[in-house]
Amino acid sequence: LGLRSIRFSLSNPDIFSTQIRAVLRAAAGAKEARIMFPMISSVDEFLQARQVVLSSMEKLSREQVPFCENPSIGMMVELPSVVDIMEELARHSDFFSIGTNDFVQYLLAVDRSNQRVSRYYAAHHPSVLRGLNRIVQAALSSGREVSICGEMAHDTAHLPFLLGIGIRMFSVNPQFLPLVQESISRIRISDAREYASELLKLSSLEDIQKAMANARWADRSGDGA
């Protein structure tokens, strides 16, 4: 809720442009380079940030300094404000990464570090599940890559749902890789799609919890993801 992430960067253009120039120069000659902006809340904000990259590229070109000439420019999806404008953002952003920790926290107005309200932090809340589905469908329908990170990305209880709505890229800490890989290998995509569809129909936290508890994915084998 403060002046941080992309808000800080746009409020300090000299610092921001210096950082972008450094990224572009460091990626000179690279086959692929990506720049991703965090905490984007509007199309306007993303376009402002992207323009800093384009302007920096123009200046480096005039200065005849080697730099990455074709970086992919994407954004983190962390704020509820972007759910309804995903189609518009997909026209401008090359890729998306959903930051589930902040997305859940801001959507449900829950400070995870506050023990008095932490019980309200529910990643399986119907609004969270439906919001994630809308984000992913908008990105995929526009041909944009979408990945996911945060606690949901390595929570085996959520993997079937995430696969079911179309997530195929998971960003997790190395310590979680074996567990995530094994869990995914046990899930049929067709089953995951059916499961996700059923969860999206439910409006009660209790009903969703029951459906997740009764799924018993660990006991099912499949053809992998």
# chains A, B, ... in the order shown; residues from 1 in each chain; ligands from 1

$ residues_around --residues "Asn133 (chain A)" --least-positions-apart "4" --cutoff "8 Å" --atoms "only C-alpha atoms" --output "JSON, numbers by chain"
{"A": [129, 137, 165]}

$ select_by_dssp --residues "region 32-218 of chain A" --states "strand (DSSP E)" --output "PDB file with N, CA, C and O atoms, in the first residue's frame"
ATOM      1  N   ARG A  34      14.571 -10.871 -20.564  1.00  0.00           N
ATOM      2  CA  ARG A  34      13.234 -10.492 -20.125  1.00  0.00           C
ATOM      3  C   ARG A  34      13.303  -9.419 -19.049  1.00  0.00           C
ATOM      4  O   ARG A  34      14.150  -9.471 -18.163  1.00  0.00           O
ATOM      5  N   ILE A  35      12.375  -8.486 -19.160  1.00  0.00           N
ATOM      6  CA  ILE A  35      12.223  -7.445 -18.147  1.00  0.00           C
ATOM      7  C   ILE A  35      10.782  -7.522 -17.665  1.00  0.00           C
ATOM      8  O   ILE A  35       9.847  -7.454 -18.466  1.00  0.00           O
ATOM      9  N   MET A  36      10.608  -7.682 -16.363  1.00  0.00           N
ATOM     10  CA  MET A  36       9.262  -7.841 -15.812  1.00  0.00           C
ATOM     11  C   MET A  36       9.019  -6.800 -14.725  1.00  0.00           C
ATOM     12  O   MET A  36       9.823  -6.635 -13.813  1.00  0.00           O
ATOM     13  N   PHE A  37       7.892  -6.101 -14.848  1.00  0.00           N
ATOM     14  CA  PHE A  37       7.562  -5.053 -13.895  1.00  0.00           C
ATOM     15  C   PHE A  37       6.636  -5.581 -12.800  1.00  0.00           C
ATOM     16  O   PHE A  37       5.636  -6.230 -13.098  1.00  0.00           O
ATOM     17  N   SER A  72      11.990  -9.120 -24.125  1.00  0.00           N
ATOM     18  CA  SER A  72      10.572  -9.328 -23.865  1.00  0.00           C
ATOM     19  C   SER A  72      10.210  -8.500 -22.637  1.00  0.00           C
ATOM     20  O   SER A  72      10.961  -8.479 -21.660  1.00  0.00           O
ATOM     21  N   ILE A  73       9.079  -7.828 -22.700  1.00  0.00           N
ATOM     22  CA  ILE A  73       8.663  -6.956 -21.606  1.00  0.00           C
ATOM     23  C   ILE A  73       7.345  -7.474 -21.040  1.00  0.00           C
ATOM     24  O   ILE A  73       6.334  -7.527 -21.744  1.00  0.00           O
ATOM     25  N   GLY A  74       7.369  -7.886 -19.785  1.00  0.00           N
ATOM     26  CA  GLY A  74       6.183  -8.461 -19.168  1.00  0.00           C
ATOM     27  C   GLY A  74       5.869  -7.842 -17.824  1.00  0.00           C
ATOM     28  O   GLY A  74       6.475  -6.836 -17.429  1.00  0.00           O
ATOM     29  N   MET A  75       4.945  -8.463 -17.107  1.00  0.00           N
ATOM     30  CA  MET A  75       4.524  -7.900 -15.822  1.00  0.00           C
ATOM     31  C   MET A  75       4.078  -8.984 -14.856  1.00  0.00           C
ATOM     32  O   MET A  75       3.659 -10.069 -15.245  1.00  0.00           O
ATOM     33  N   MET A  76       4.205  -8.657 -13.572  1.00  0.00           N
ATOM     34  CA  MET A  76       3.653  -9.494 -12.519  1.00  0.00           C
ATOM     35  C   MET A  76       2.164  -9.182 -12.392  1.00  0.00           C
ATOM     36  O   MET A  76       1.752  -8.023 -12.520  1.00  0.00           O
ATOM     37  N   VAL A  77       1.377 -10.210 -12.144  1.00  0.00           N
ATOM     38  CA  VAL A  77      -0.047 -10.036 -11.874  1.00  0.00           C
ATOM     39  C   VAL A  77      -0.227 -10.296 -10.388  1.00  0.00           C
ATOM     40  O   VAL A  77      -0.215 -11.441  -9.940  1.00  0.00           O
ATOM     41  N   PHE A  95       4.425 -11.170 -21.670  1.00  0.00           N
ATOM     42  CA  PHE A  95       4.209 -12.337 -20.821  1.00  0.00           C
ATOM     43  C   PHE A  95       3.732 -11.891 -19.448  1.00  0.00           C
ATOM     44  O   PHE A  95       3.823 -10.714 -19.082  1.00  0.00           O
ATOM     45  N   PHE A  96       3.219 -12.867 -18.692  1.00  0.00           N
ATOM     46  CA  PHE A  96       2.699 -12.589 -17.356  1.00  0.00           C
ATOM     47  C   PHE A  96       3.237 -13.610 -16.360  1.00  0.00           C
ATOM     48  O   PHE A  96       3.474 -14.766 -16.704  1.00  0.00           O
ATOM     49  N   SER A  97       3.385 -13.174 -15.123  1.00  0.00           N
ATOM     50  CA  SER A  97       3.701 -14.076 -14.022  1.00  0.00           C
ATOM     51  C   SER A  97       2.789 -13.711 -12.859  1.00  0.00           C
ATOM     52  O   SER A  97       2.773 -12.561 -12.411  1.00  0.00           O
ATOM     53  N   ILE A  98       2.003 -14.673 -12.414  1.00  0.00           N
ATOM     54  CA  ILE A  98       1.053 -14.414 -11.327  1.00  0.00           C
ATOM     55  C   ILE A  98       1.747 -14.604  -9.987  1.00  0.00           C
ATOM     56  O   ILE A  98       2.239 -15.690  -9.680  1.00  0.00           O
ATOM     57  N   GLY A  99       1.779 -13.549  -9.196  1.00  0.00           N
ATOM     58  CA  GLY A  99       2.347 -13.626  -7.858  1.00  0.00           C
ATOM     59  C   GLY A  99       1.231 -13.918  -6.866  1.00  0.00           C
ATOM     60  O   GLY A  99       0.509 -13.018  -6.449  1.00  0.00           O
ATOM     61  N   GLU A 145       2.262 -15.995 -22.762  1.00  0.00           N
ATOM     62  CA  GLU A 145       2.744 -16.963 -21.780  1.00  0.00           C
ATOM     63  C   GLU A 145       2.362 -16.488 -20.380  1.00  0.00           C
ATOM     64  O   GLU A 145       2.460 -15.301 -20.066  1.00  0.00           O
ATOM     65  N   VAL A 146       1.931 -17.419 -19.549  1.00  0.00           N
ATOM     66  CA  VAL A 146       1.595 -17.066 -18.168  1.00  0.00           C
ATOM     67  C   VAL A 146       2.163 -18.128 -17.241  1.00  0.00           C
ATOM     68  O   VAL A 146       1.965 -19.322 -17.446  1.00  0.00           O
ATOM     69  N   SER A 147       2.902 -17.680 -16.253  1.00  0.00           N
ATOM     70  CA  SER A 147       3.469 -18.585 -15.256  1.00  0.00           C
ATOM     71  C   SER A 147       2.931 -18.194 -13.885  1.00  0.00           C
ATOM     72  O   SER A 147       2.207 -17.203 -13.748  1.00  0.00           O
ATOM     73  N   ILE A 148       3.283 -18.979 -12.873  1.00  0.00           N
ATOM     74  CA  ILE A 148       2.782 -18.701 -11.537  1.00  0.00           C
ATOM     75  C   ILE A 148       3.893 -18.916 -10.516  1.00  0.00           C
ATOM     76  O   ILE A 148       4.748 -19.789 -10.675  1.00  0.00           O
ATOM     77  N   CYS A 149       3.895 -18.076  -9.489  1.00  0.00           N
ATOM     78  CA  CYS A 149       4.882 -18.208  -8.425  1.00  0.00           C
ATOM     79  C   CYS A 149       4.191 -17.960  -7.092  1.00  0.00           C
ATOM     80  O   CYS A 149       2.984 -17.693  -7.041  1.00  0.00           O
ATOM     81  N   MET A 169       3.606 -23.390 -16.432  1.00  0.00           N
ATOM     82  CA  MET A 169       4.920 -22.948 -15.979  1.00  0.00           C
ATOM     83  C   MET A 169       4.834 -22.571 -14.502  1.00  0.00           C
ATOM     84  O   MET A 169       4.042 -21.697 -14.126  1.00  0.00           O
ATOM     85  N   PHE A 170       5.634 -23.230 -13.683  1.00  0.00           N
ATOM     86  CA  PHE A 170       5.636 -23.007 -12.242  1.00  0.00           C
ATOM     87  C   PHE A 170       7.017 -22.515 -11.810  1.00  0.00           C
ATOM     88  O   PHE A 170       8.029 -23.153 -12.124  1.00  0.00           O
TER      89      PHE A 170
END

$ residues_around --residues "region 82-93 of chain A" --least-positions-apart "6" --cutoff "7 Å" --atoms "only C-alpha atoms" --output "PyMOL selection string"
chain A and resi 41-43+73-75+131+134-135+138-139+142+144

$ write_last_selection --atoms "C-alpha atoms" --output "PDB file, in the first residue's frame"
ATOM      1  CA  SER A  41      -2.142  -1.757 -11.328  1.00  0.00           C
ATOM      2  CA  SER A  42      -3.221  -0.305 -14.691  1.00  0.00           C
ATOM      3  CA  VAL A  43      -2.572  -0.280 -18.414  1.00  0.00           C
ATOM      4  CA  ILE A  73       8.663  -6.956 -21.606  1.00  0.00           C
ATOM      5  CA  GLY A  74       6.183  -8.461 -19.168  1.00  0.00           C
ATOM      6  CA  MET A  75       4.524  -7.900 -15.822  1.00  0.00           C
ATOM      7  CA  GLY A 131      -9.763 -14.548 -10.440  1.00  0.00           C
ATOM      8  CA  ARG A 134      -9.905 -15.237 -15.562  1.00  0.00           C
ATOM      9  CA  ILE A 135      -6.293 -14.100 -15.587  1.00  0.00           C
ATOM     10  CA  ALA A 138      -7.264 -13.907 -20.835  1.00  0.00           C
ATOM     11  CA  ALA A 139      -3.530 -14.464 -21.210  1.00  0.00           C
ATOM     12  CA  SER A 142      -4.226 -13.656 -26.393  1.00  0.00           C
ATOM     13  CA  ARG A 144       0.618 -14.784 -24.027  1.00  0.00           C
TER      14      ARG A 144
END

$ select_by_dssp --residues "region 102-192 of chain A" --states "alpha helix (DSSP H)" --output "PyMOL selection string"
chain A and resi 102-108+126-141+151-154+159-164+177-185+189-192

$ residues_around --residues "Ala28 (chain A)" --least-positions-apart "3" --cutoff "8 Å" --atoms "only C-alpha atoms" --output "PyMOL selection string"
chain A and resi 24-25+66-69

$ residues_around --residues "region 5-18 of chain A" --least-positions-apart "3" --cutoff "12 Å" --atoms "only C-alpha atoms" --output "VMD selection string"
chain A and resid 1 to 2 21 to 25 36 to 42 44 to 60 75 to 76 78

$ atom_distance --atom1 "CA of Val180 (chain A)" --atom2 "CA of Leu162 (chain A)"
12.1 Å

$ closest_residue --among "A:Val128, A:Gly164, A:Pro174, A:Leu202" --to "Ile189 (chain A)" --atoms "only C-alpha atoms"
A:Gly164

$ residues_around --residues "Glu198 (chain A)" --least-positions-apart "2" --cutoff "12 Å" --atoms "only C-alpha atoms" --output "PyMOL selection string"
chain A and resi 126+129-130+160-161+164-165+191-196+200-203+207-208+210-212+215

$ write_last_selection --atoms "N, CA, C and O atoms" --output "short mmCIF file (atom, residue, chain, number, x, y, z; two decimals), in the first residue's frame"
data_model
loop_
_atom_site.label_atom_id
_atom_site.label_comp_id
_atom_site.auth_asym_id
_atom_site.auth_seq_id
_atom_site.Cartn_x
_atom_site.Cartn_y
_atom_site.Cartn_z
N PRO A 126 -13.21 -18.81 -3.25
CA PRO A 126 -13.77 -18.84 -4.61
C PRO A 126 -13.38 -17.64 -5.46
O PRO A 126 -13.18 -17.78 -6.67
N LEU A 129 -9.83 -18.33 -6.76
CA LEU A 129 -9.82 -19.33 -7.83
C LEU A 129 -10.40 -18.77 -9.12
O LEU A 129 -9.84 -18.98 -10.21
N ARG A 130 -11.50 -18.05 -9.01
CA ARG A 130 -12.12 -17.50 -10.21
C ARG A 130 -11.27 -16.38 -10.81
O ARG A 130 -11.20 -16.23 -12.03
N PRO A 160 -3.42 -29.44 -8.96
CA PRO A 160 -4.42 -29.92 -9.92
C PRO A 160 -5.29 -28.79 -10.47
O PRO A 160 -5.59 -28.75 -11.67
N PHE A 161 -5.70 -27.87 -9.60
CA PHE A 161 -6.53 -26.75 -10.06
C PHE A 161 -5.74 -25.88 -11.03
O PHE A 161 -6.26 -25.49 -12.09
N GLY A 164 -5.44 -27.45 -14.22
CA GLY A 164 -6.75 -27.50 -14.86
C GLY A 164 -7.17 -26.22 -15.54
O GLY A 164 -7.90 -26.25 -16.53
N ILE A 165 -6.71 -25.07 -15.03
CA ILE A 165 -7.08 -23.80 -15.66
C ILE A 165 -6.08 -23.39 -16.74
O ILE A 165 -6.27 -22.37 -17.40
N ASP A 191 -8.34 -34.88 -16.14
CA ASP A 191 -8.91 -34.90 -14.80
C ASP A 191 -8.80 -33.54 -14.13
O ASP A 191 -9.70 -33.09 -13.44
N ALA A 192 -7.65 -32.91 -14.34
CA ALA A 192 -7.42 -31.60 -13.73
C ALA A 192 -8.40 -30.56 -14.27
O ALA A 192 -8.90 -29.72 -13.51
N ARG A 193 -8.68 -30.62 -15.56
CA ARG A 193 -9.63 -29.67 -16.14
C ARG A 193 -11.03 -29.86 -15.57
O ARG A 193 -11.72 -28.90 -15.24
N GLU A 194 -11.42 -31.12 -15.43
CA GLU A 194 -12.73 -31.42 -14.86
C GLU A 194 -12.80 -30.96 -13.40
O GLU A 194 -13.79 -30.39 -12.96
N TYR A 195 -11.74 -31.21 -12.67
CA TYR A 195 -11.65 -30.82 -11.26
C TYR A 195 -11.73 -29.31 -11.10
O TYR A 195 -12.48 -28.79 -10.26
N ALA A 196 -10.97 -28.59 -11.93
CA ALA A 196 -10.98 -27.12 -11.86
C ALA A 196 -12.36 -26.58 -12.18
O ALA A 196 -12.84 -25.64 -11.53
N LEU A 200 -14.63 -24.22 -9.64
CA LEU A 200 -15.06 -22.89 -10.05
C LEU A 200 -16.56 -22.69 -9.90
O LEU A 200 -17.04 -21.55 -9.86
N LYS A 201 -17.30 -23.77 -9.79
CA LYS A 201 -18.75 -23.68 -9.63
C LYS A 201 -19.14 -23.47 -8.16
O LYS A 201 -20.26 -23.05 -7.87
N LEU A 202 -18.23 -23.75 -7.25
CA LEU A 202 -18.53 -23.68 -5.83
C LEU A 202 -18.34 -22.26 -5.29
O LEU A 202 -17.41 -21.56 -5.69
N SER A 203 -19.20 -21.86 -4.38
CA SER A 203 -19.13 -20.50 -3.83
C SER A 203 -18.83 -20.48 -2.34
O SER A 203 -18.66 -19.40 -1.76
N ASP A 207 -17.31 -25.84 1.07
CA ASP A 207 -17.53 -26.80 -0.02
C ASP A 207 -16.26 -27.02 -0.83
O ASP A 207 -15.97 -28.15 -1.26
N ILE A 208 -15.50 -25.95 -1.04
CA ILE A 208 -14.26 -26.08 -1.79
C ILE A 208 -13.26 -26.92 -1.00
O ILE A 208 -12.57 -27.78 -1.56
N LYS A 210 -13.92 -29.26 1.11
CA LYS A 210 -14.36 -30.65 1.04
C LYS A 210 -13.99 -31.27 -0.30
O LYS A 210 -13.53 -32.42 -0.37
N ALA A 211 -14.22 -30.53 -1.37
CA ALA A 211 -13.90 -31.04 -2.70
C ALA A 211 -12.42 -31.31 -2.85
O ALA A 211 -12.00 -32.32 -3.44
N MET A 212 -11.60 -30.41 -2.29
CA MET A 212 -10.15 -30.59 -2.36
C MET A 212 -9.71 -31.78 -1.51
O MET A 212 -8.83 -32.55 -1.91
N ALA A 215 -10.55 -35.17 -3.24
CA ALA A 215 -9.98 -35.42 -4.57
C ALA A 215 -8.97 -36.58 -4.54
O ALA A 215 -8.88 -37.36 -5.48
#

$ closest_residue --among "A:Leu205, A:Leu79, A:Ala157, A:Ala109" --to "Leu132 (chain A)" --atoms "only C-alpha atoms"
A:Leu79

$ atom_distance --atom1 "CA of Leu107 (chain A)" --atom2 "CA of Pro80 (chain A)"
5.7 Å
